[in-house]
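File shown here: entry_11.txt, holding compact mmCIF, C-alpha atoms.
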```txt
# COMPACT_ATOMS: atom_id res chain seq x y z
CA MET H 806 -13.57 38.51 32.84
CA ALA H 807 -15.51 35.75 31.12
CA THR H 808 -14.45 32.14 30.75
CA THR H 809 -15.50 29.49 28.32
CA LEU H 810 -16.34 25.91 29.31
CA ALA H 811 -16.25 23.39 26.51
CA ILE H 812 -18.23 20.15 26.61
CA PRO H 813 -17.93 17.53 23.89
CA GLN H 814 -21.57 17.93 22.91
CA ALA H 815 -22.05 21.65 23.58
CA VAL H 816 -20.27 24.85 24.57
CA TRP H 817 -21.51 26.81 27.65
CA LEU H 818 -20.63 30.43 28.34
CA LYS H 819 -20.36 31.63 32.00
CA PRO H 820 -19.96 35.41 32.05
CA ARG H 821 -19.82 35.61 35.92
CA PRO H 822 -18.21 32.42 37.20
CA LEU H 823 -17.50 33.91 40.71
CA ALA H 824 -21.11 34.92 41.43
CA HIS H 825 -23.16 33.08 44.12
CA THR H 826 -25.50 31.79 41.46
CA PRO H 827 -23.58 32.00 38.16
CA SER H 828 -25.62 31.78 35.02
CA SER H 829 -24.74 29.71 31.94
CA PHE H 830 -25.59 30.26 28.28
CA LEU H 831 -25.48 27.64 25.58
CA LEU H 832 -23.35 28.70 22.61
CA LEU H 833 -25.30 28.06 19.42
CA PRO H 834 -23.54 27.88 16.05
CA LEU H 835 -24.52 30.58 13.56
CA LEU H 836 -24.23 28.17 10.62
CA PRO H 837 -25.14 24.50 10.48
CA SER H 838 -22.26 22.08 10.64
CA GLN H 839 -21.06 21.08 7.20
CA PRO H 840 -20.62 17.43 6.33
CA ALA H 841 -17.25 16.17 5.21
CA LEU H 842 -16.59 16.71 1.52
CA LYS H 843 -16.73 13.62 -0.63
CA PRO H 844 -13.58 12.91 -2.64
CA LEU H 845 -13.78 13.75 -6.35
CA PRO H 846 -13.85 10.75 -8.69
CA GLY H 847 -10.73 9.98 -10.64
CA GLU H 848 -12.46 10.87 -13.91
CA VAL H 849 -13.08 14.43 -12.67
CA TRP H 850 -9.47 14.85 -11.58
CA SER H 851 -8.36 13.48 -14.94
CA ASN H 852 -10.37 16.13 -16.81
CA ILE H 853 -9.10 18.91 -14.53
CA LEU H 854 -5.48 17.86 -15.00
CA ARG H 855 -5.95 17.38 -18.74
CA TYR H 856 -7.00 21.03 -19.11
CA THR H 857 -4.13 22.08 -16.82
CA PHE H 858 -1.55 20.19 -18.88
CA ALA H 859 -3.00 21.72 -22.07
CA PHE H 860 -2.70 25.21 -20.52
CA TYR H 861 0.92 24.50 -19.59
CA GLY H 862 1.59 23.01 -23.02
CA HIS H 863 3.68 24.26 -25.92
CA ARG H 864 0.94 26.64 -27.10
CA GLY H 865 0.39 28.21 -23.71
CA PRO H 866 1.65 31.61 -22.48
CA PHE H 867 4.74 30.11 -20.82
CA SER H 868 8.27 29.59 -22.02
CA GLU H 869 9.53 26.08 -22.63
CA THR H 870 11.48 26.05 -19.36
CA ASP H 871 8.57 27.33 -17.26
CA SER H 872 6.18 24.95 -19.00
CA SER H 873 8.34 21.93 -18.16
CA ARG H 874 8.74 23.08 -14.56
CA LEU H 875 5.00 23.58 -14.09
CA ARG H 876 4.16 20.24 -15.67
CA LEU H 877 6.63 18.47 -13.40
CA GLY H 878 5.20 20.33 -10.41
CA LEU H 879 1.81 18.73 -10.98
CA LEU H 880 3.35 15.31 -10.36
CA LEU H 881 4.57 16.37 -6.91
CA ILE H 882 1.26 17.50 -5.38
CA SER H 883 0.33 14.19 -3.78
CA LYS H 884 0.44 10.47 -4.45
CA ASP H 885 -3.20 10.40 -5.55
CA VAL H 886 -2.73 13.28 -7.98
CA HIS H 887 0.52 11.72 -9.20
CA ALA H 888 -1.29 8.51 -10.16
CA VAL H 889 -3.79 10.46 -12.26
CA ALA H 890 -1.35 13.02 -13.70
CA LEU H 891 1.44 10.65 -14.78
CA PRO H 892 -0.40 9.24 -17.85
CA LEU H 893 -1.35 12.79 -18.86
CA PHE H 894 2.26 13.91 -18.46
CA TYR H 895 3.38 11.30 -20.98
CA ALA H 896 0.41 11.82 -23.32
CA ARG H 897 2.25 14.51 -25.29
CA VAL H 898 6.03 14.22 -25.53
CA SER H 899 8.06 17.00 -27.18
CA ILE H 900 11.69 16.15 -27.86
CA PRO H 901 14.04 19.18 -27.99
CA SER H 902 17.30 17.26 -28.51
CA LEU H 903 18.75 13.85 -29.27
CA HIS H 904 19.91 13.55 -25.65
CA VAL H 905 16.33 13.83 -24.40
CA LEU H 906 15.14 11.30 -26.98
CA GLU H 907 17.86 8.88 -25.87
CA LYS H 908 16.82 9.22 -22.21
CA LEU H 909 13.19 8.60 -23.17
CA VAL H 910 14.09 5.47 -25.12
CA VAL H 911 16.12 4.13 -22.19
CA ARG H 912 13.18 4.76 -19.85
CA LEU H 913 10.69 3.03 -22.15
CA ARG H 914 12.93 0.02 -22.81
CA ALA H 915 13.61 -0.46 -19.11
CA ALA H 916 9.89 -0.38 -18.33
CA ASP H 917 9.15 -2.79 -21.16
CA GLN H 918 11.73 -5.30 -19.92
CA GLN H 919 10.11 -5.29 -16.47
CA TRP H 920 6.64 -5.87 -17.92
CA ASP H 921 5.28 -9.42 -17.88
CA SER H 922 2.52 -11.25 -19.73
CA ILE H 923 0.36 -11.60 -16.62
CA ARG H 924 -0.76 -7.97 -16.83
CA ARG H 925 -4.21 -7.19 -18.19
CA ILE H 926 -2.75 -4.81 -20.78
CA PRO H 927 -0.14 -6.39 -23.09
CA TYR H 928 1.85 -3.14 -23.36
CA SER H 929 4.13 -1.53 -20.81
CA ALA H 930 3.83 1.89 -19.24
CA PRO H 931 4.72 4.67 -19.83
CA GLY H 932 5.05 3.65 -23.49
CA ARG H 933 1.35 2.94 -23.87
CA TRP H 934 0.49 6.41 -22.49
CA ILE H 935 2.29 8.30 -25.26
CA GLN H 936 -0.22 9.62 -27.79
CA THR H 937 1.74 12.46 -29.40
CA LEU H 938 5.43 12.27 -30.27
CA ASP H 939 6.79 15.63 -31.45
CA ILE H 940 10.36 15.62 -32.81
CA SER H 941 9.97 18.75 -34.95
CA ALA H 942 12.50 20.67 -32.81
CA LEU H 943 15.31 18.17 -33.39
CA GLU H 944 18.39 19.28 -35.31
CA CYS H 945 20.75 16.81 -36.94
CA LEU H 946 23.99 18.67 -37.60
CA SER H 947 26.12 15.72 -38.67
CA ARG H 948 25.87 12.23 -40.11
CA ASP H 949 26.38 10.81 -36.64
CA ASP H 950 23.29 12.67 -35.45
CA VAL H 951 21.28 11.31 -38.38
CA TYR H 952 22.42 7.77 -37.61
CA SER H 953 21.66 8.17 -33.89
CA LEU H 954 18.17 9.47 -34.67
CA ASP H 955 17.52 6.54 -37.00
CA VAL H 956 18.58 4.04 -34.32
CA LEU H 957 16.47 5.72 -31.61
CA LEU H 958 13.36 5.85 -33.83
CA ASN H 959 13.71 2.14 -34.58
CA GLN H 960 13.93 1.42 -30.86
CA ILE H 961 11.01 3.61 -29.80
CA SER H 962 8.52 2.67 -32.54
CA PRO H 963 7.43 -0.71 -31.06
CA LEU H 964 7.12 0.81 -27.56
CA VAL H 965 4.38 3.37 -28.41
CA PRO H 966 1.43 1.26 -29.64
CA PHE H 967 -1.23 3.90 -28.94
CA MET H 968 0.53 6.84 -30.58
CA THR H 969 -1.97 8.88 -32.60
CA ASN H 970 0.12 11.94 -33.59
CA LEU H 971 3.61 11.91 -35.07
CA VAL H 972 5.18 15.32 -35.79
CA VAL H 973 8.46 15.26 -37.69
CA SER H 974 10.77 18.07 -38.77
CA PRO H 975 10.87 18.81 -42.53
CA GLN H 976 14.63 19.24 -42.13
CA ILE H 977 15.01 15.54 -41.28
CA ALA H 978 14.67 12.79 -43.88
CA LEU H 979 13.47 9.57 -42.27
CA SER H 980 15.25 6.44 -43.45
CA ARG H 981 13.52 3.45 -45.02
CA ARG H 982 14.24 1.45 -41.88
CA ALA H 983 12.53 4.03 -39.66
CA LEU H 984 9.49 4.20 -41.95
CA TYR H 985 9.15 0.42 -42.06
CA SER H 986 9.51 0.21 -38.27
CA PHE H 987 6.55 2.58 -37.81
CA ALA H 988 4.55 0.69 -40.45
CA GLU H 989 5.13 -2.75 -38.94
CA ARG H 990 4.67 -1.90 -35.26
CA ASP H 991 1.67 -2.94 -33.19
CA GLY H 992 -1.00 -0.27 -33.33
CA ALA H 993 0.08 1.29 -36.62
CA SER H 994 -3.58 1.74 -37.51
CA ASN H 995 -4.00 4.02 -34.47
CA LEU H 996 -2.05 6.84 -36.12
CA ARG H 997 -4.35 9.81 -36.85
CA VAL H 998 -1.98 12.70 -37.66
CA LEU H 999 1.32 12.50 -39.55
CA THR H 1000 2.98 15.84 -40.33
CA GLY H 1001 6.36 17.27 -41.29
CA VAL H 1002 7.62 14.27 -43.29
CA ARG H 1003 10.21 15.05 -45.96
CA LEU H 1004 10.42 12.79 -49.00
CA ARG H 1005 12.49 12.87 -52.14
CA THR H 1006 10.79 14.04 -55.32
CA SER H 1007 11.02 11.24 -57.88
CA ALA H 1008 9.24 10.36 -61.09
CA GLN H 1009 10.24 6.70 -60.87
CA GLY H 1010 8.46 3.88 -59.06
CA SER H 1011 5.05 3.52 -57.47
CA GLU H 1012 5.86 1.80 -54.17
CA ASP H 1013 8.22 2.84 -51.40
CA ALA H 1014 8.54 2.67 -47.61
CA PHE H 1015 6.30 5.68 -47.00
CA VAL H 1016 3.54 4.22 -49.16
CA GLU H 1017 3.68 1.08 -47.01
CA LEU H 1018 3.39 3.26 -43.91
CA LEU H 1019 0.24 4.88 -45.33
CA ARG H 1020 -1.08 1.44 -46.20
CA ALA H 1021 -0.81 0.47 -42.51
CA CYS H 1022 -2.35 3.72 -41.19
CA THR H 1023 -5.95 3.02 -42.16
CA ARG H 1024 -7.35 5.57 -39.67
CA LEU H 1025 -5.17 8.48 -40.78
CA GLU H 1026 -6.99 11.83 -40.75
CA GLU H 1027 -4.28 14.42 -41.45
CA LEU H 1028 -1.17 14.13 -43.63
CA GLU H 1029 1.56 16.67 -44.36
CA ILE H 1030 4.59 15.88 -46.53
CA PHE H 1031 7.36 17.99 -48.04
CA GLY H 1032 9.22 17.25 -51.24
CA THR H 1033 12.51 18.50 -52.62
CA GLY H 1034 11.04 20.58 -55.45
CA VAL H 1035 12.24 20.33 -59.04
CA ASP H 1036 15.70 18.91 -58.41
CA SER H 1037 16.01 16.34 -61.17
CA ALA H 1038 16.16 16.42 -64.95
CA ASP H 1039 13.74 13.47 -65.05
CA LEU H 1040 10.94 15.83 -64.01
CA LEU H 1041 11.39 17.86 -67.19
CA VAL H 1042 10.55 14.86 -69.37
CA ALA H 1043 6.89 14.41 -70.29
CA GLN H 1044 5.24 11.26 -68.95
CA ASP H 1045 1.91 9.62 -69.59
CA SER H 1046 0.16 10.79 -66.43
CA THR H 1047 -3.20 9.49 -67.66
CA ALA H 1048 -1.98 5.91 -67.85
CA ALA H 1049 -3.57 3.39 -65.51
CA PRO H 1050 -1.54 2.25 -62.49
CA ALA H 1051 0.55 -0.91 -62.64
CA PRO H 1052 -1.36 -4.21 -62.53
CA HIS H 1053 0.13 -5.12 -59.14
CA PHE H 1054 -0.81 -1.74 -57.62
CA ARG H 1055 -3.11 -1.91 -54.58
CA PRO H 1056 -5.01 1.32 -53.81
CA LEU H 1057 -4.54 2.82 -50.39
CA TYR H 1058 -7.40 2.45 -47.92
CA LEU H 1059 -7.74 5.85 -46.21
CA PRO H 1060 -11.45 6.37 -45.56
CA PHE H 1061 -10.92 9.00 -42.83
CA LEU H 1062 -8.24 11.17 -44.48
CA ARG H 1063 -9.77 14.65 -44.48
CA ARG H 1064 -6.77 17.02 -44.61
CA VAL H 1065 -3.74 16.67 -46.93
CA ALA H 1066 -0.80 19.02 -47.48
CA ILE H 1067 1.72 18.15 -50.22
CA LEU H 1068 4.32 20.91 -50.61
CA SER H 1069 7.26 21.21 -53.03
CA MET H 1070 6.39 17.88 -54.61
CA PRO H 1071 5.36 17.76 -58.30
CA VAL H 1072 5.58 13.97 -58.53
CA SER H 1073 6.55 11.07 -56.27
CA PRO H 1074 5.46 7.49 -55.53
CA VAL H 1075 3.24 8.62 -52.64
CA LEU H 1076 1.59 11.30 -54.79
CA ARG H 1077 0.94 8.73 -57.52
CA SER H 1078 -0.50 6.28 -54.98
CA LEU H 1079 -2.81 8.93 -53.51
CA LEU H 1080 -3.85 9.95 -57.02
CA HIS H 1081 -5.08 6.45 -57.87
CA SER H 1082 -6.67 5.75 -54.46
CA PRO H 1083 -10.16 6.77 -53.31
CA LEU H 1084 -10.20 9.54 -50.71
CA PRO H 1085 -13.89 9.92 -49.81
CA ALA H 1086 -13.34 12.10 -46.70
CA LEU H 1087 -10.85 14.57 -48.23
CA ARG H 1088 -12.10 18.13 -47.66
CA HIS H 1089 -8.97 20.29 -47.16
CA LEU H 1090 -6.09 20.21 -49.64
CA THR H 1091 -2.86 22.24 -49.71
CA LEU H 1092 -0.57 21.92 -52.72
CA THR H 1093 2.35 23.64 -54.37
CA PRO H 1094 1.28 24.36 -57.96
CA TYR H 1095 3.36 22.88 -60.78
CA ASP H 1096 1.98 23.29 -64.29
CA GLU H 1097 2.60 20.61 -66.90
CA LEU H 1098 4.24 23.05 -69.32
CA SER H 1099 7.05 23.95 -66.94
CA VAL H 1100 7.26 20.54 -65.23
CA PRO H 1101 5.94 17.93 -67.70
CA ALA H 1102 6.07 15.13 -65.12
CA SER H 1103 3.88 17.05 -62.66
CA LEU H 1104 0.85 15.21 -61.23
CA VAL H 1105 -0.53 18.22 -59.35
CA PRO H 1106 -3.15 19.33 -61.95
CA GLN H 1107 -4.42 15.77 -62.31
CA PHE H 1108 -4.52 15.34 -58.54
CA ILE H 1109 -6.74 18.42 -58.17
CA ALA H 1110 -9.01 17.26 -61.00
CA THR H 1111 -9.35 13.77 -59.50
CA HIS H 1112 -10.01 14.68 -55.85
CA GLY H 1113 -11.43 18.20 -56.20
CA SER H 1114 -15.12 17.39 -56.44
CA LEU H 1115 -15.62 17.17 -52.64
CA LEU H 1116 -13.08 19.75 -51.48
CA SER H 1117 -14.29 22.56 -49.25
CA SER H 1118 -10.94 24.41 -49.11
CA LEU H 1119 -8.02 24.45 -51.55
CA HIS H 1120 -4.79 26.27 -50.72
CA LEU H 1121 -2.07 26.73 -53.34
CA HIS H 1122 1.13 27.58 -51.50
CA THR H 1123 4.81 27.72 -52.45
CA VAL H 1124 7.33 27.20 -49.67
CA LYS H 1125 9.48 30.32 -49.34
CA GLN H 1126 13.07 29.30 -49.92
CA TRP H 1127 15.92 30.71 -51.96
CA PRO H 1128 15.69 30.70 -54.89
CA THR H 1129 11.87 30.63 -54.98
CA ALA H 1130 10.40 29.39 -58.26
CA LEU H 1131 6.72 30.15 -58.90
CA PHE H 1132 4.70 28.08 -61.36
CA SER H 1133 1.31 28.67 -62.94
CA SER H 1134 -1.88 27.37 -61.37
CA PRO H 1135 -4.75 25.69 -63.25
CA THR H 1136 -7.35 28.07 -64.61
CA ASN H 1137 -10.29 25.65 -64.21
CA LEU H 1138 -10.14 25.36 -60.41
CA LEU H 1139 -13.72 26.54 -59.96
CA GLU H 1140 -14.97 23.94 -62.43
CA THR H 1141 -13.01 20.98 -61.05
CA CYS H 1142 -13.80 21.95 -57.42
CA PRO H 1143 -17.52 22.82 -57.40
CA SER H 1144 -17.92 22.51 -53.60
CA LEU H 1145 -15.16 24.94 -52.61
CA TRP H 1146 -15.85 27.30 -49.72
CA HIS H 1147 -12.35 28.81 -49.51
CA LEU H 1148 -9.86 29.13 -52.37
CA SER H 1149 -6.34 30.47 -51.79
CA LEU H 1150 -4.29 31.29 -54.90
CA GLU H 1151 -0.55 31.59 -55.42
CA LEU H 1152 1.39 33.94 -57.67
CA PRO H 1153 1.19 34.27 -60.63
CA LEU H 1154 -2.57 34.60 -60.22
CA PRO H 1155 -4.42 32.47 -62.80
CA VAL H 1156 -7.14 33.71 -65.13
CA LEU H 1157 -9.97 31.74 -63.55
CA THR H 1158 -12.73 30.50 -65.82
CA LEU H 1159 -16.24 29.27 -65.17
CA SER H 1160 -18.85 28.11 -67.65
CA ALA H 1161 -21.61 30.58 -68.44
CA ALA H 1162 -24.47 28.40 -67.19
CA SER H 1163 -22.98 27.51 -63.79
CA LYS H 1164 -22.72 29.31 -60.48
CA HIS H 1165 -20.24 28.60 -57.71
CA GLN H 1166 -20.74 28.66 -53.92
CA LEU H 1167 -17.29 30.13 -53.11
CA GLU H 1168 -17.39 32.41 -50.05
CA VAL H 1169 -13.73 33.28 -49.33
CA LEU H 1170 -11.03 34.01 -51.91
CA SER H 1171 -7.41 34.58 -50.84
CA VAL H 1172 -4.67 36.02 -53.03
CA ALA H 1173 -1.03 36.75 -52.23
CA ARG H 1174 -1.39 40.48 -52.94
CA PRO H 1175 -3.76 42.64 -55.01
CA ASP H 1176 -3.14 42.69 -58.73
CA PRO H 1177 -5.04 45.07 -61.07
CA ASP H 1178 -5.24 42.53 -63.90
CA PHE H 1179 -6.71 39.86 -61.63
CA LEU H 1180 -9.27 42.35 -60.28
CA ASP H 1181 -10.72 42.66 -63.79
CA VAL H 1182 -10.91 38.86 -64.00
CA LEU H 1183 -12.58 38.68 -60.58
CA GLU H 1184 -15.18 41.31 -61.42
CA GLY H 1185 -16.09 39.35 -64.53
CA LEU H 1186 -16.72 36.27 -62.36
CA LEU H 1187 -18.72 38.01 -59.61
CA PRO H 1188 -22.13 37.37 -61.28
CA LYS H 1189 -21.33 33.65 -61.07
CA LEU H 1190 -20.11 33.89 -57.44
CA PRO H 1191 -23.27 34.98 -55.58
CA ASN H 1192 -21.99 33.77 -52.18
CA LEU H 1193 -18.59 35.50 -52.25
CA ARG H 1194 -18.28 37.64 -49.11
CA PHE H 1195 -14.57 38.02 -48.39
CA VAL H 1196 -11.42 38.60 -50.45
CA ARG H 1197 -8.20 38.33 -48.45
CA ALA H 1198 -4.76 39.70 -49.29
CA ARG H 1199 -2.69 36.94 -47.72
CA ASP H 1200 0.72 38.72 -47.66
CA VAL H 1201 -0.38 42.33 -47.06
CA LYS H 1202 -1.22 44.16 -43.85
CA TRP H 1203 -3.13 47.42 -43.54
CA LEU H 1204 -1.03 50.43 -42.57
CA ARG H 1205 -1.75 51.84 -39.13
CA GLY H 1206 -4.05 54.84 -38.87
CA GLY H 1207 -1.32 57.41 -38.09
CA MET H 1208 0.30 57.17 -41.54
CA SER H 1209 -0.13 59.99 -44.04
CA VAL H 1210 -2.71 59.91 -46.81
CA LYS H 1211 0.00 59.68 -49.49
CA ALA H 1212 1.58 56.68 -47.75
CA GLN H 1213 -1.78 54.92 -47.59
CA GLN H 1214 -2.35 55.50 -51.32
CA ALA H 1215 1.07 54.42 -52.52
CA GLY H 1216 2.14 50.99 -53.79
CA VAL H 1217 0.31 47.93 -52.57
CA GLN H 1218 -1.65 49.98 -50.02
CA GLY H 1219 -3.09 52.09 -52.81
CA GLU H 1220 -4.09 48.99 -54.74
CA MET H 1221 -5.73 47.66 -51.55
CA LEU H 1222 -7.86 50.82 -51.36
CA VAL H 1223 -8.89 50.41 -55.01
CA TRP H 1224 -9.88 46.79 -54.37
CA ARG H 1225 -11.81 47.71 -51.24
CA ARG H 1226 -13.73 50.45 -53.03
CA ARG H 1227 -14.62 48.37 -56.12
CA LEU H 1228 -15.44 45.20 -54.19
CA GLY H 1229 -17.38 47.13 -51.56
CA ARG H 1230 -19.92 48.09 -54.20
CA ARG H 1231 -20.78 44.39 -54.47
CA GLY H 1232 -20.98 43.88 -50.68
CA ILE H 1233 -17.59 42.09 -50.53
CA GLN H 1234 -15.11 42.89 -47.76
CA LEU H 1235 -11.37 43.12 -48.40
CA LEU H 1236 -9.32 41.58 -45.56
CA ASP H 1237 -5.60 41.70 -44.87
CA THR H 1238 -3.28 38.97 -43.61
CA GLU H 1239 -4.75 39.28 -40.09
CA TRP H 1240 -8.31 38.94 -41.39
CA LYS H 1241 -9.04 42.61 -40.64
CA SER H 1242 -11.15 44.82 -42.90
CA SER H 1243 -9.35 48.05 -41.90
CA ALA H 1244 -6.31 49.36 -40.03
CA GLU H 1245 -8.22 49.72 -36.76
```

Can you turn what I pasted into structure tokens?
Amino acid sequence: MATTLAIPQAVWLKPRPLAHTPSSFLLLPLLPSQPALKPLPGEVWSNILRYTFAFYGHRGPFSETDSSRLRLGLLLISKDVHAVALPLFYARVSIPSLHVLEKLVVRLRAADQQWDSIRRIPYSAPGRWIQTLDISALECLSRDDVYSLDVLLNQISPLVPFMTNLVVSPQIALSRRALYSFAERDGASNLRVLTGVRLRTSAQGSEDAFVELLRACTRLEELEIFGTGVDSADLLVAQDSTAAPAPHFRPLYLPFLRRVAILSMPVSPVLRSLLHSPLPALRHLTLTPYDELSVPASLVPQFIATHGSLLSSLHLHTVKQWPTALFSSPTNLLETCPSLWHLSLELPLPVLTLSAASKHQLEVLSVARPDPDFLDVLEGLLPKLPNLRFVRARDVKWLRGGMSVKAQQAGVQGEMLVWRRRLGRRGIQLLDTEWKSSAE
């Protein structure tokens, strides 16, 4: 029976403690003693938690309930982690209901009332931590809900001075008061992304509340607005779209605006203001096509001609709603947009033209679905499109491999095979809606 004798500096082993002359052996460690770990800096913890919050976010593999539970769990690890994680928790706020928005407003107003001017930062927390406000999931089912939302937006707008992203639902029309409150708040120039805004299509006027909001957002990079389509007889009356803007008109200053989406809006004050304002950084444009023959008041063709010289991608898209009205697209898109890399066309497919002496650097062409008449037009343009590598059928998917040969050669699938065979001779791949070149 062996015993162990521990000494503060060393450990001695005595295998025979009852012997007349017991021997002792010094216990040596197999590995050197490790020094105490140094605490990680707050910046490192901030980066770790930022990636964790992004993984638990709305685009992660978790449901909304599990995502909220996991995000709240990060605040309960320890006091030190809580201090670092709390600003990240408020960085992106998604509002699922008016009740949640009301609770958030109460929390922000209470914190703002307790804030004093002695602080180094003139804005209260957690309002100053909010960078993204997402209200796209809100549903206003009655006029009372619309009024409550308008009141809450007016209350929250001055409490989020560092908000950079505002995501609105296209089903909600923001009031003039709400738009002016966002335009006149401190930090309005900090807004980078503004999406999901619904505005009324109108051929009258050149200034409105949303134009004033854009005038205040001088650092805006991404804009998405939805109109109400052709819902007025005034749009069917021809107007002088080439006339100069009013003498009192001040162009918008948007030097960083690189991505614009204007859907279901042939004409409006904001479209007219953007038309007559310089947009030097605009590279990606999404529009709903409205030709001037069907909608004489339409500004869409002139907008493409004015801002198309620097575009790298142009998407013509019609919002699917009942009844869906499709209008013709301009035929001179390749001439007005010489720098295009990706062109996406809407039905009915236009007969594209290009001057005989010019070549275009287009690489990707997307169409809604294959059309035999447009294939003849495309093959006539291929000598002037030396960089074209991909043609995509945006609304069609390849049939799976187990289908019969007759099924794969019938209807749209048969036309897809014809396109793939004829384009393949020129080294051009035909892709489906999932960007796949075959059914594998």

May I have a table of the residues of segment 965-1030 of chain H lying at most 10 Å from segment 1066-1085 of chain H, giving each one's closest pair of atoms and their distance in Å to one decimal, counting only C-alpha atoms, ordered by chain and ascending residue number, as CSV?
```
residue,atom,partner,partner_atom,distance
H:Thr1000,CA,H:Ala1066,CA,8.7
H:Gly1001,CA,H:Ala1066,CA,9.6
H:Val1002,CA,H:Ile1067,CA,9.9
H:Arg1003,CA,H:Leu1068,CA,9.5
H:Leu1004,CA,H:Ser1073,CA,8.4
H:Arg1005,CA,H:Ser1073,CA,7.5
H:Thr1006,CA,H:Ser1073,CA,5.3
H:Ser1007,CA,H:Ser1073,CA,4.8
H:Ala1008,CA,H:Ser1073,CA,5.6
H:Gln1009,CA,H:Pro1074,CA,7.2
H:Gly1010,CA,H:Pro1074,CA,5.9
H:Ser1011,CA,H:Pro1074,CA,4.4
H:Glu1012,CA,H:Pro1074,CA,5.9
H:Asp1013,CA,H:Pro1074,CA,6.8
H:Ala1014,CA,H:Val1075,CA,9.4
H:Phe1015,CA,H:Val1075,CA,7.1
H:Val1016,CA,H:Val1075,CA,5.6
H:Glu1017,CA,H:Val1075,CA,9.4
H:Leu1019,CA,H:Val1075,CA,8.7
H:Glu1027,CA,H:Ala1066,CA,8.3
H:Leu1028,CA,H:Ala1066,CA,6.2
H:Glu1029,CA,H:Ala1066,CA,4.6
H:Ile1030,CA,H:Ile1067,CA,5.2
```

Scan for residues within 7 Å of the point (-23.7, 34.2, -51.0) in the coordinates of the file, using all atoms listed in the file, and reply as a PDB file with C-alpha atoms, in the coordinates of the input.
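The result, written out as result_22.pdb:
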```pdb
ATOM      1  CA  GLN H1166     -20.740  28.660 -53.920  1.00  0.00           C
ATOM      2  CA  GLU H1168     -17.390  32.410 -50.050  1.00  0.00           C
ATOM      3  CA  PRO H1191     -23.270  34.980 -55.580  1.00  0.00           C
ATOM      4  CA  ASN H1192     -21.990  33.770 -52.180  1.00  0.00           C
ATOM      5  CA  LEU H1193     -18.590  35.500 -52.250  1.00  0.00           C
ATOM      6  CA  ARG H1194     -18.280  37.640 -49.110  1.00  0.00           C
TER       7      ARG H1194
END
```

Within 12 Å of (14.3, 17.0, -25.3) in the file's own coordinates, which protein, DNA or RNA residues have an atom, counting all atoms listed in the file? List them as a PyMOL selection string. chain H and resi 869-870+873+898-910+938-944

Quick one: of H:Leu1018, H:Val889, H:Val965, H:Leu1187, who's nearest to Tyr928 of chain H, counting all atoms listed in the file?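 That would be H:Val965, the residue with the smallest distance to Tyr928 of chain H.
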
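Taking atom CA of Pro892 of chain H as the reference point, atom CA of Trp934 of chain H is found at 5.5 Å.
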
Point-to-point distance in Å for atom CA of Ala1173 of chain H and atom CA of Lys1125 of chain H: 12.7 Å

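For the atom pair formed by atom CA of Pro966 of chain H and atom CA of Gln936 of chain H, the distance is 8.7 Å, given to one decimal.
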
Residues at most 12 Å from Ala983 of chain H, counting all atoms listed in the file, excluding those fewer than 5 positions away in the same chain, as a ChimeraX atom specification? /H:951-963,977-978,988-990,1002,1014-1015,1017-1018

Would you mind telling me which residue in H:Pro837, H:Pro1153, H:Pro1175, H:Gly878 lies nearest to Glu1220 of chain H when using only C-alpha atoms? H:Pro1175

Taking 4 positions as the minimum chain separation for residues in the same chain, which residues sit within 8 Å of Cys1022 of chain H when counting all atoms listed in the file? Answer as a VMD selection string. chain H and resid 988 993 to 997 1018 1059

Return as JSON the box centre and box size in Å, one decimal, for an axis-aligned box around all listed atoms of segment 1185-1194 of chain H padded by 8 Å per side.
```
{"center_x": -19.7, "center_y": 36.5, "center_z": -56.8, "size_x": 23.2, "size_y": 21.7, "size_z": 31.4}
```

Considering all atoms listed in the file, return as a PyMOL selection string whatever protein or nucleic-acid residues lie within 7 Å of segment 930-932 of chain H, sequence-local ones (same chain, fewer than 5 positions apart) excluded. chain H and resi 895+913+916+964-965
